[in-house]
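Printed here is model-v4.pdb (PDB, C-alpha atoms and all ligand atoms):
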ATOM      1  CA  MET A  27      22.738  -3.557  -8.825
ATOM      2  CA  GLN A  28      24.329  -1.135  -6.422
ATOM      3  CA  THR A  29      23.264  -0.960  -2.738
ATOM      4  CA  ILE A  30      23.647   2.345  -0.887
ATOM      5  CA  LYS A  31      22.825   3.060   2.751
ATOM      6  CA  ASN A  32      23.664   6.753   2.761
ATOM      7  CA  LYS A  33      21.104   9.349   1.682
ATOM      8  CA  ALA A  34      23.600  11.902   0.341
ATOM      9  CA  LYS A  35      25.051   9.223  -1.960
ATOM     10  CA  ILE A  36      21.601   8.240  -3.220
ATOM     11  CA  ARG A  37      20.721  11.843  -3.990
ATOM     12  CA  ALA A  38      24.051  12.409  -5.758
ATOM     13  CA  THR A  39      23.510   9.296  -7.885
ATOM     14  CA  THR A  40      19.963  10.113  -8.964
ATOM     15  CA  GLN A  41      20.900  13.756  -9.621
ATOM     16  CA  ARG A  42      23.738  12.642 -11.860
ATOM     17  CA  TRP A  43      21.442  10.260 -13.725
ATOM     18  CA  LYS A  44      18.859  12.986 -14.245
ATOM     19  CA  SER A  45      21.505  15.416 -15.511
ATOM     20  CA  GLU A  46      22.443  12.735 -18.065
ATOM     21  CA  GLY A  47      18.840  12.605 -19.265
ATOM     22  CA  GLU A  48      17.764   9.434 -17.440
ATOM     23  CA  ILE A  49      14.210   9.075 -16.085
ATOM     24  CA  VAL A  50      14.208   7.787 -12.507
ATOM     25  CA  ALA A  51      11.436   5.571 -11.115
ATOM     26  CA  PHE A  52      11.219   4.835  -7.405
ATOM     27  CA  VAL A  53       9.606   1.881  -5.623
ATOM     28  CA  PRO A  54       9.481   2.342  -1.827
ATOM     29  CA  THR A  55       9.075  -0.929   0.115
ATOM     30  CA  MET A  56       9.557  -2.383   3.562
ATOM     31  CA  GLY A  57      11.269  -5.455   2.093
ATOM     32  CA  ASN A  58      10.429  -9.157   2.403
ATOM     33  CA  LEU A  59       9.706  -8.915  -1.279
ATOM     34  CA  HIS A  60       7.184 -11.091  -3.075
ATOM     35  CA  GLU A  61       5.780 -11.169  -6.607
ATOM     36  CA  GLY A  62       3.521  -8.187  -5.779
ATOM     37  CA  HIS A  63       6.597  -6.022  -5.160
ATOM     38  CA  LEU A  64       8.386  -7.415  -8.190
ATOM     39  CA  LYS A  65       5.453  -6.385 -10.393
ATOM     40  CA  LEU A  66       6.045  -2.834  -9.100
ATOM     41  CA  ILE A  67       9.633  -3.088 -10.337
ATOM     42  CA  ASP A  68       8.370  -4.257 -13.763
ATOM     43  CA  SER A  69       6.021  -1.279 -13.917
ATOM     44  CA  ALA A  70       8.846   1.077 -12.834
ATOM     45  CA  ARG A  71      10.945  -0.270 -15.691
ATOM     46  CA  GLN A  72       8.159   0.547 -18.162
ATOM     47  CA  HIS A  73       8.104   4.177 -17.033
ATOM     48  CA  ALA A  74      11.792   4.949 -16.558
ATOM     49  CA  SER A  75      15.340   4.165 -17.589
ATOM     50  CA  LYS A  76      16.611   3.818 -13.985
ATOM     51  CA  VAL A  77      14.828   1.988 -11.159
ATOM     52  CA  VAL A  78      15.560   2.777  -7.516
ATOM     53  CA  VAL A  79      14.042   0.610  -4.757
ATOM     54  CA  SER A  80      14.116   1.365  -1.044
ATOM     55  CA  ILE A  81      13.877  -1.185   1.736
ATOM     56  CA  PHE A  82      13.152   0.442   5.075
ATOM     57  CA  VAL A  83      10.928  -0.880   7.849
ATOM     58  CA  ASN A  84       9.579   2.498   8.892
ATOM     59  CA  PRO A  85       9.118   2.698  12.678
ATOM     60  CA  THR A  86       6.776   5.708  12.567
ATOM     61  CA  GLN A  87       4.000   3.831  10.785
ATOM     62  CA  PHE A  88       3.743   1.115  13.452
ATOM     63  CA  ALA A  89       1.680   1.906  16.538
ATOM     64  CA  ALA A  90       2.731   0.643  19.978
ATOM     65  CA  GLY A  91       1.968  -3.073  20.224
ATOM     66  CA  GLU A  92       2.048  -3.643  16.447
ATOM     67  CA  ASP A  93       4.367  -6.061  14.635
ATOM     68  CA  ILE A  94       7.490  -3.937  14.006
ATOM     69  CA  ASP A  95       9.777  -6.292  15.958
ATOM     70  CA  ASN A  96       8.481  -9.371  14.124
ATOM     71  CA  TYR A  97       8.206  -7.717  10.724
ATOM     72  CA  PRO A  98      10.122 -10.044   8.367
ATOM     73  CA  ARG A  99      13.559  -8.656   7.434
ATOM     74  CA  THR A 100      15.175 -10.530   4.530
ATOM     75  CA  LEU A 101      17.585  -8.013   3.019
ATOM     76  CA  GLU A 102      19.979 -10.486   1.413
ATOM     77  CA  GLN A 103      17.232 -12.475  -0.288
ATOM     78  CA  ASP A 104      15.464  -9.235  -1.337
ATOM     79  CA  SER A 105      18.618  -7.844  -2.823
ATOM     80  CA  THR A 106      19.095 -10.989  -4.964
ATOM     81  CA  LEU A 107      15.479 -10.771  -6.190
ATOM     82  CA  LEU A 108      15.884  -7.090  -7.073
ATOM     83  CA  ALA A 109      19.097  -7.678  -8.978
ATOM     84  CA  GLU A 110      17.461 -10.539 -10.912
ATOM     85  CA  ARG A 111      14.467  -8.323 -11.724
ATOM     86  CA  GLY A 112      16.711  -5.576 -13.081
ATOM     87  CA  ALA A 113      16.584  -2.844 -10.406
ATOM     88  CA  ASP A 114      19.513  -0.411 -10.729
ATOM     89  CA  LEU A 115      19.891   0.847  -7.189
ATOM     90  CA  LEU A 116      18.817  -0.304  -3.726
ATOM     91  CA  PHE A 117      18.563   2.231  -0.914
ATOM     92  CA  ALA A 118      18.688   0.302   2.376
ATOM     93  CA  PRO A 119      19.175   2.868   5.136
ATOM     94  CA  ASP A 120      19.125   2.231   8.857
ATOM     95  CA  ASN A 121      16.814   4.162  11.193
ATOM     96  CA  GLY A 122      19.399   6.848  12.015
ATOM     97  CA  GLU A 123      19.968   7.615   8.349
ATOM     98  CA  VAL A 124      16.279   8.333   7.769
ATOM     99  CA  TYR A 125      15.369   9.902  11.120
ATOM    100  CA  ASP A 126      18.224  11.943  12.501
ATOM    101  CA  THR A 127      16.109  13.376  15.314
ATOM    102  CA  THR A 128      14.178  11.492  18.011
ATOM    103  CA  LEU A 129      10.862  10.360  16.599
ATOM    104  CA  ASP A 130       8.889  12.564  19.014
ATOM    105  CA  ASP A 131      10.608  15.678  17.596
ATOM    106  CA  GLN A 132      10.179  14.677  13.965
ATOM    107  CA  THR A 133       8.358  17.098  11.657
ATOM    108  CA  VAL A 134       5.462  15.195  10.115
ATOM    109  CA  VAL A 135       3.445  15.296   6.917
ATOM    110  CA  GLU A 136      -0.248  14.625   7.412
ATOM    111  CA  VAL A 137      -3.108  14.427   4.967
ATOM    112  CA  PRO A 138      -5.843  15.587   7.326
ATOM    113  CA  GLY A 139      -9.195  13.830   7.593
ATOM    114  CA  LEU A 140      -8.541  11.051   5.110
ATOM    115  CA  SER A 141      -5.709   9.704   7.290
ATOM    116  CA  THR A 142      -8.158   8.963  10.080
ATOM    117  CA  LEU A 143     -10.703   7.001   8.006
ATOM    118  CA  LEU A 144     -10.831   3.239   7.512
ATOM    119  CA  CYS A 145      -7.369   1.826   8.414
ATOM    120  CA  GLY A 146      -6.623   5.148  10.133
ATOM    121  CA  GLN A 147      -9.368   4.406  12.637
ATOM    122  CA  THR A 148      -7.929   1.135  13.831
ATOM    123  CA  ARG A 149      -4.295   2.196  13.318
ATOM    124  CA  PRO A 150      -4.144   5.758  14.659
ATOM    125  CA  GLY A 151      -1.015   7.580  13.477
ATOM    126  CA  HIS A 152      -0.236   4.943  10.854
ATOM    127  CA  PHE A 153      -0.804   7.122   7.803
ATOM    128  CA  VAL A 154       1.045  10.096   9.256
ATOM    129  CA  GLY A 155       4.025   7.744   9.555
ATOM    130  CA  VAL A 156       3.534   6.621   5.947
ATOM    131  CA  THR A 157       3.178  10.076   4.388
ATOM    132  CA  THR A 158       6.062  11.417   6.475
ATOM    133  CA  VAL A 159       8.474   8.686   5.415
ATOM    134  CA  VAL A 160       7.340   8.773   1.781
ATOM    135  CA  ALA A 161       7.784  12.570   1.712
ATOM    136  CA  LYS A 162      11.310  12.127   3.125
ATOM    137  CA  LEU A 163      12.147   9.328   0.674
ATOM    138  CA  PHE A 164      10.882  11.446  -2.223
ATOM    139  CA  ASN A 165      13.200  14.275  -1.111
ATOM    140  CA  ILE A 166      16.131  11.871  -0.835
ATOM    141  CA  VAL A 167      15.624   9.979  -4.108
ATOM    142  CA  GLN A 168      14.011  12.817  -6.114
ATOM    143  CA  PRO A 169      12.388  10.474  -8.628
ATOM    144  CA  ASP A 170      10.371  11.409 -11.704
ATOM    145  CA  VAL A 171       7.898   8.579 -11.123
ATOM    146  CA  ALA A 172       6.947   6.554  -8.029
ATOM    147  CA  ILE A 173       5.130   3.242  -8.012
ATOM    148  CA  PHE A 174       2.776   1.856  -5.332
ATOM    149  CA  GLY A 175       0.514  -1.198  -5.103
ATOM    150  CA  GLU A 176      -3.255  -0.801  -5.324
ATOM    151  CA  LYS A 177      -3.675  -3.329  -2.510
ATOM    152  CA  ASP A 178      -2.949  -0.431  -0.151
ATOM    153  CA  PHE A 179      -5.677   1.630  -1.768
ATOM    154  CA  GLN A 180      -5.993   4.190   1.019
ATOM    155  CA  GLN A 181      -2.195   4.622   1.190
ATOM    156  CA  LEU A 182      -2.024   5.184  -2.584
ATOM    157  CA  PHE A 183      -4.895   7.658  -2.381
ATOM    158  CA  LEU A 184      -3.205   9.649   0.406
ATOM    159  CA  ILE A 185       0.145   9.710  -1.388
ATOM    160  CA  LYS A 186      -1.488  11.001  -4.580
ATOM    161  CA  LYS A 187      -3.137  13.750  -2.540
ATOM    162  CA  MET A 188       0.088  14.607  -0.702
ATOM    163  CA  VAL A 189       1.943  14.931  -4.018
ATOM    164  CA  ILE A 190      -0.705  17.295  -5.389
ATOM    165  CA  ASP A 191      -1.017  19.328  -2.180
ATOM    166  CA  LEU A 192       2.751  19.718  -1.702
ATOM    167  CA  ASP A 193       3.601  20.195  -5.413
ATOM    168  CA  TYR A 194       6.001  17.287  -5.712
ATOM    169  CA  PRO A 195       7.007  17.008  -9.399
ATOM    170  CA  ILE A 196       6.492  13.229  -9.249
ATOM    171  CA  LYS A 197       4.041  11.091 -11.211
ATOM    172  CA  ILE A 198       2.379   8.484  -8.975
ATOM    173  CA  ILE A 199       1.438   5.171 -10.554
ATOM    174  CA  GLY A 200      -0.736   2.482  -8.973
ATOM    175  CA  VAL A 201      -0.215  -1.171  -9.909
ATOM    176  CA  GLU A 202      -2.897  -3.843  -9.752
ATOM    177  CA  THR A 203      -2.851  -6.230  -6.781
ATOM    178  CA  VAL A 204      -1.087  -9.531  -7.381
ATOM    179  CA  ARG A 205      -2.953 -12.533  -5.985
ATOM    180  CA  GLU A 206      -2.196 -16.115  -4.997
ATOM    181  CA  PRO A 207      -4.077 -18.711  -7.120
ATOM    182  CA  SER A 208      -6.657 -18.777  -4.273
ATOM    183  CA  GLY A 209      -7.355 -15.057  -4.774
ATOM    184  CA  LEU A 210      -5.545 -14.018  -1.577
ATOM    185  CA  ALA A 211      -3.793 -10.679  -2.126
ATOM    186  CA  MET A 212      -0.024 -11.102  -1.805
ATOM    187  CA  SER A 213       1.394  -9.472   1.320
ATOM    188  CA  SER A 214       4.473  -9.867   3.488
ATOM    189  CA  ARG A 215       2.098 -10.341   6.423
ATOM    190  CA  ASN A 216       0.714 -13.546   4.826
ATOM    191  CA  ASN A 217       3.921 -15.133   6.177
ATOM    192  CA  TYR A 218       2.395 -14.922   9.659
ATOM    193  CA  LEU A 219      -0.352 -17.381   8.600
ATOM    194  CA  SER A 220      -0.341 -21.168   8.979
ATOM    195  CA  ASP A 221      -1.176 -23.235   5.845
ATOM    196  CA  GLN A 222      -4.717 -23.651   7.075
ATOM    197  CA  GLN A 223      -5.109 -19.929   7.836
ATOM    198  CA  ARG A 224      -3.719 -19.090   4.397
ATOM    199  CA  GLN A 225      -6.545 -21.082   2.814
ATOM    200  CA  GLN A 226      -9.061 -19.417   5.096
ATOM    201  CA  ALA A 227      -7.627 -15.969   4.236
ATOM    202  CA  ALA A 228      -8.781 -16.400   0.616
ATOM    203  CA  LEU A 229     -12.352 -15.937   1.910
ATOM    204  CA  VAL A 230     -11.682 -12.188   2.197
ATOM    205  CA  TYR A 231     -11.395 -11.747  -1.559
ATOM    206  CA  GLN A 232     -14.306 -14.140  -2.118
ATOM    207  CA  ARG A 233     -16.445 -11.933   0.133
ATOM    208  CA  LEU A 234     -15.428  -8.810  -1.811
ATOM    209  CA  GLN A 235     -16.304 -10.576  -5.042
ATOM    210  CA  GLY A 236     -19.698 -11.521  -3.564
ATOM    211  CA  MET A 237     -20.313  -7.837  -2.791
ATOM    212  CA  LEU A 238     -19.185  -6.867  -6.281
ATOM    213  CA  ALA A 239     -21.692  -9.328  -7.779
ATOM    214  CA  SER A 240     -24.514  -7.910  -5.598
ATOM    215  CA  LEU A 241     -23.666  -4.340  -6.587
ATOM    216  CA  GLN A 242     -23.517  -5.280 -10.247
ATOM    217  CA  ALA A 243     -26.894  -7.008  -9.877
ATOM    218  CA  GLY A 244     -28.350  -3.682  -8.713
ATOM    219  CA  GLN A 245     -28.259  -3.958  -4.889
ATOM    220  CA  GLN A 246     -28.427  -0.341  -3.685
ATOM    221  CA  ASP A 247     -28.534  -0.813   0.069
ATOM    222  CA  PHE A 248     -24.796  -0.406   0.588
ATOM    223  CA  ARG A 249     -24.942  -0.401   4.395
ATOM    224  CA  LYS A 250     -26.786  -3.732   4.398
ATOM    225  CA  LEU A 251     -24.232  -5.242   2.027
ATOM    226  CA  GLU A 252     -21.371  -4.087   4.294
ATOM    227  CA  GLU A 253     -23.098  -5.428   7.405
ATOM    228  CA  ASN A 254     -23.817  -8.817   5.822
ATOM    229  CA  ALA A 255     -20.268  -9.176   4.513
ATOM    230  CA  ALA A 256     -18.797  -8.329   7.940
ATOM    231  CA  LYS A 257     -21.131 -10.865   9.600
ATOM    232  CA  ILE A 258     -20.120 -13.607   7.170
ATOM    233  CA  LEU A 259     -16.403 -12.880   7.652
ATOM    234  CA  GLU A 260     -16.833 -12.934  11.452
ATOM    235  CA  ARG A 261     -18.670 -16.253  11.123
ATOM    236  CA  ASP A 262     -15.742 -17.527   9.023
ATOM    237  CA  GLY A 263     -13.311 -16.763  11.868
ATOM    238  CA  PHE A 264     -12.128 -13.221  11.054
ATOM    239  CA  SER A 265     -12.164 -10.271  13.376
ATOM    240  CA  VAL A 266     -13.362  -7.514  11.073
ATOM    241  CA  ASP A 267     -12.066  -3.926  11.363
ATOM    242  CA  TYR A 268     -14.294  -2.695   8.545
ATOM    243  CA  VAL A 269     -16.009  -3.553   5.296
ATOM    244  CA  SER A 270     -16.885  -0.360   3.485
ATOM    245  CA  ILE A 271     -18.202   0.747   0.103
ATOM    246  CA  ARG A 272     -16.664   4.122  -0.716
ATOM    247  CA  ARG A 273     -16.575   6.561  -3.613
ATOM    248  CA  SER A 274     -13.261   5.953  -5.361
ATOM    249  CA  LYS A 275     -12.786   9.654  -6.153
ATOM    250  CA  ASP A 276     -12.763  10.909  -2.526
ATOM    251  CA  LEU A 277     -12.979   7.839  -0.250
ATOM    252  CA  GLN A 278     -16.217   9.078   1.315
ATOM    253  CA  GLU A 279     -19.052   6.658   2.140
ATOM    254  CA  ALA A 280     -20.927   5.784  -1.051
ATOM    255  CA  SER A 281     -24.681   5.739  -1.340
ATOM    256  CA  ALA A 282     -27.286   4.711  -3.920
ATOM    257  CA  GLY A 283     -26.611   6.477  -7.218
ATOM    258  CA  ASP A 284     -22.827   6.670  -6.799
ATOM    259  CA  THR A 285     -21.207   4.724  -9.597
ATOM    260  CA  GLN A 286     -17.398   4.968  -9.175
ATOM    261  CA  LEU A 287     -16.823   2.770  -6.172
ATOM    262  CA  VAL A 288     -14.255   0.889  -4.190
ATOM    263  CA  ILE A 289     -15.086  -1.851  -1.699
ATOM    264  CA  LEU A 290     -12.458  -1.985   1.027
ATOM    265  CA  THR A 291     -11.930  -4.308   3.934
ATOM    266  CA  ALA A 292      -9.502  -4.981   6.771
ATOM    267  CA  ALA A 293      -9.854  -8.109   8.865
ATOM    268  CA  ARG A 294      -7.662  -9.922  11.325
ATOM    269  CA  LEU A 295      -7.012 -13.636  11.095
ATOM    270  CA  GLY A 296      -4.820 -15.041  13.851
ATOM    271  CA  PRO A 297      -1.607 -12.996  13.893
ATOM    272  CA  ALA A 298      -2.196 -11.248  10.540
ATOM    273  CA  ARG A 299      -4.175  -8.153   9.630
ATOM    274  CA  LEU A 300      -5.317  -8.561   6.035
ATOM    275  CA  ILE A 301      -6.461  -5.736   3.780
ATOM    276  CA  ASP A 302      -7.962  -5.929   0.320
ATOM    277  CA  ASN A 303     -10.183  -3.981  -2.049
ATOM    278  CA  ILE A 304     -11.997  -4.092  -5.379
ATOM    279  CA  LYS A 305     -12.574  -1.038  -7.532
ATOM    280  CA  LEU A 306     -15.677  -0.980  -9.706
ATOM    281  CA  GLU A 307     -17.753   1.206 -11.921
ATOM    282  CA  LEU A 308     -21.503   0.691 -11.981
ATOM    283  CA  SER A 309     -23.496   1.611 -15.030
ATOM    284  CA  GLY A 310     -25.907   4.484 -14.239
ATOM    285  CA  THR A 311     -29.057   2.328 -14.489
ATOM    286  CA  ILE A 312     -30.634   1.397 -11.182
ATOM    287  CA  ASN A 313     -32.251  -2.000 -10.897
ATOM    288  CA  LEU A 314     -34.819  -1.678  -8.113
ATOM    289  CA  SER A 315     -35.731  -5.379  -7.858
TER
HETATM  290  O1  LIG B 401       3.593   0.074   1.514
HETATM  291  C1  LIG B 401       4.666   0.025   2.165
HETATM  292  O2  LIG B 401       5.431  -0.938   2.083
HETATM  293  C2  LIG B 401       5.010   1.184   3.092
HETATM  294  O3  LIG B 401       3.877   1.717   3.686
HETATM  295  C3  LIG B 401       5.842   2.272   2.403
HETATM  296  C4  LIG B 401       5.076   2.946   1.284
HETATM  297  C5  LIG B 401       7.129   1.680   1.846
HETATM  298  C6  LIG B 401       6.220   3.355   3.415
HETATM  299  O4  LIG B 401       6.971   2.839   4.462
END
Could you express the structure from this file as structure tokens?
Amino acid sequence: MQTIKNKAKIRATTQRWKSEGEIVAFVPTMGNLHEGHLKLIDSARQHASKVVVSIFVNPTQFAAGEDIDNYPRTLEQDSTLLAERGADLLFAPDNGEVYDTTLDDQTVVEVPGLSTLLCGQTRPGHFVGVTTVVAKLFNIVQPDVAIFGEKDFQQLFLIKKMVIDLDYPIKIIGVETVREPSGLAMSSRNNYLSDQQRQQAALVYQRLQGMLASLQAGQQDFRKLEENAAKILERDGFSVDYVSIRRSKDLQEASAGDTQLVILTAARLGPARLIDNIKLELSGTINLS
């Protein structure tokens, strides 16, 4: 696997590949790779003949006071994992290569409205940072296909919308969340947790599954379900940003009768902010008991 830090070289390489008839898949990451990321590489391989991965801890998606300085940086280890998993090219730029202006002067890409919901409420500016860097990376790599994890459901949703709105000729593919045996969604931020907190963190997914079971049993009072779940998580030691049942097609608040749903949550446990979600489809029949 080749590692390149320069954007002109990346673009030249992928352009050459495409002119030779190769299909290029792209997996953007912030590194500190775990099995969840590696599953994205596997999916990329299924959709393309060349797999490009980026590792870039993007400063514009961290608000002041967030964990950018502590964010785990493990480039050497990541690069070994990527080579073993069969990636063809690693793009590992430094800040100046990606942002050649001061960040305050940077042109941004914003998906309006949806960027300020859910995680956007507690992390103002976060999604503008994400869509801006992903738009830039897409222009640098110029892939045919790009792969993202479904754990970051709102991020995936916004990127799909950005690609449609801005006419990027890129197919976006979401890959199912990879979980620890306890059910905890894999995340680089799980490394901030102690062993005991890691066990406790599995309660997030258990709570989502509890909500799923209630919805499938016919519970139609979505607000009550959200409130109860948040209360239980708080009682279990989490500081809850939100628990929300949304329509999966537009991320708006769901209400009785909506059937294509996603339950999303973000909750803090000690030093880590955990996010997770479950997508579900209810059958049209309403059980009023
Ligand atoms: O999901 C991530 O790791 C990041 O938000 C992404 C998509 C690589 C953009 O920095």
Could the residues of region 53-160 of chain A that have an atom at most 8 Å from region 178-181 of chain A be listed as a tab-separated table, each with its closest atom pair and the distance in Å to one decimal, counting all atoms listed in the file and ordered by chain and ascending residue number?
residue	atom	partner	partner_atom	distance
A:Cys145	CA	A:Gln180	CA	7.9
A:Phe153	CA	A:Gln181	CA	7.2
A:Val156	CA	A:Gln181	CA	7.7
Surrounding residues as a ChimeraX atom specification, ligand LIG 401 (chain B), max 10 Å, only C-alpha atoms and all ligand atoms = /A:53-59,63,79-88,152-153,155-161,163,173-179,181-182,185,213-214
Which of these, A:Thr39, A:Ser69, A:Asn121, A:Gln223, has the shortest distance to Gly263 (chain A) once you count all atoms listed in the file?
->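 Distance minimum relative to Gly263 (chain A) lands on A:Gln223.
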Using all atoms listed in the file, which residues sit within 9 Å of region 228-243 of chain A once same-chain residues fewer than 4 positions away are excluded, as a PyMOL selection string?
-> chain A and resi 206+208-211+223-224+247-248+251-252+255-256+258-259+262+264+269+289-293+300-309+313
Long-range neighbours of Val167 (chain A) as a list in words, 7 Å cut-off, all atoms listed in the file, 5 positions minimum in chain |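 Near neighbours after the sequence-gap exclusion: Ile36, Arg37 and Thr40 of chain A.
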Picked residues, the PyMOL selection byres (((chain A and resi 276) around 12) and not hetatm), expected as a ChimeraX atom specification = /A:139-140,143,179-180,183-184,186-187,271-275,277-280,284,286-288
How many Å separate CA of Asn216 (chain A) from CA of Glu123 (chain A)?
->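 Separation between CA of Asn216 (chain A) and CA of Glu123 (chain A): 28.8 Å.
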In file coordinates, which residues lie within 12 Å of (24.2, 15.7, 3.9) using all atoms listed in the file, given as a PyMOL selection string?
-> chain A and resi 32-38+123-124+126+166
For Asn165 (chain A), which residue among A:Asp267, A:Arg42, A:Ile196, A:Asp221 is the nearest when counting all atoms listed in the file?
->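 With all atoms listed in the file as the atom set, the closest residue is A:Ile196.
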Which residue, A:Ala113, A:Leu66, A:Ala118, A:Val154, has the smallest gap to Thr100 (chain A) when you use only C-alpha atoms?
->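 Looking at the shortest contact to Thr100 (chain A), the residue is A:Ala118.
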State, in Å with one decimal place, the distance from CA of Val201 (chain A) to CA of Phe52 (chain A).
-> 13.2 Å
CA of His73 (chain A) to CA of Val50 (chain A), straight-line distance in Å | 8.4 Å
Could you expand the PyMOL selection byres (((chain A and resi 114) around 9) and not hetatm) into the explicit residues it covers here, written as number ranges by chain?
-> A: 27-29, 76-79, 108-109, 112-113, 115-116
Extending 4 Å beyond the listed atoms of region 62-81 of chain A on each side, what axis-aligned box results? I want centre and edge lengths in Å to one decimal, as JSON.
{"center_x": 10.1, "center_y": -1.6, "center_z": -8.2, "size_x": 21.1, "size_y": 21.1, "size_z": 27.9}
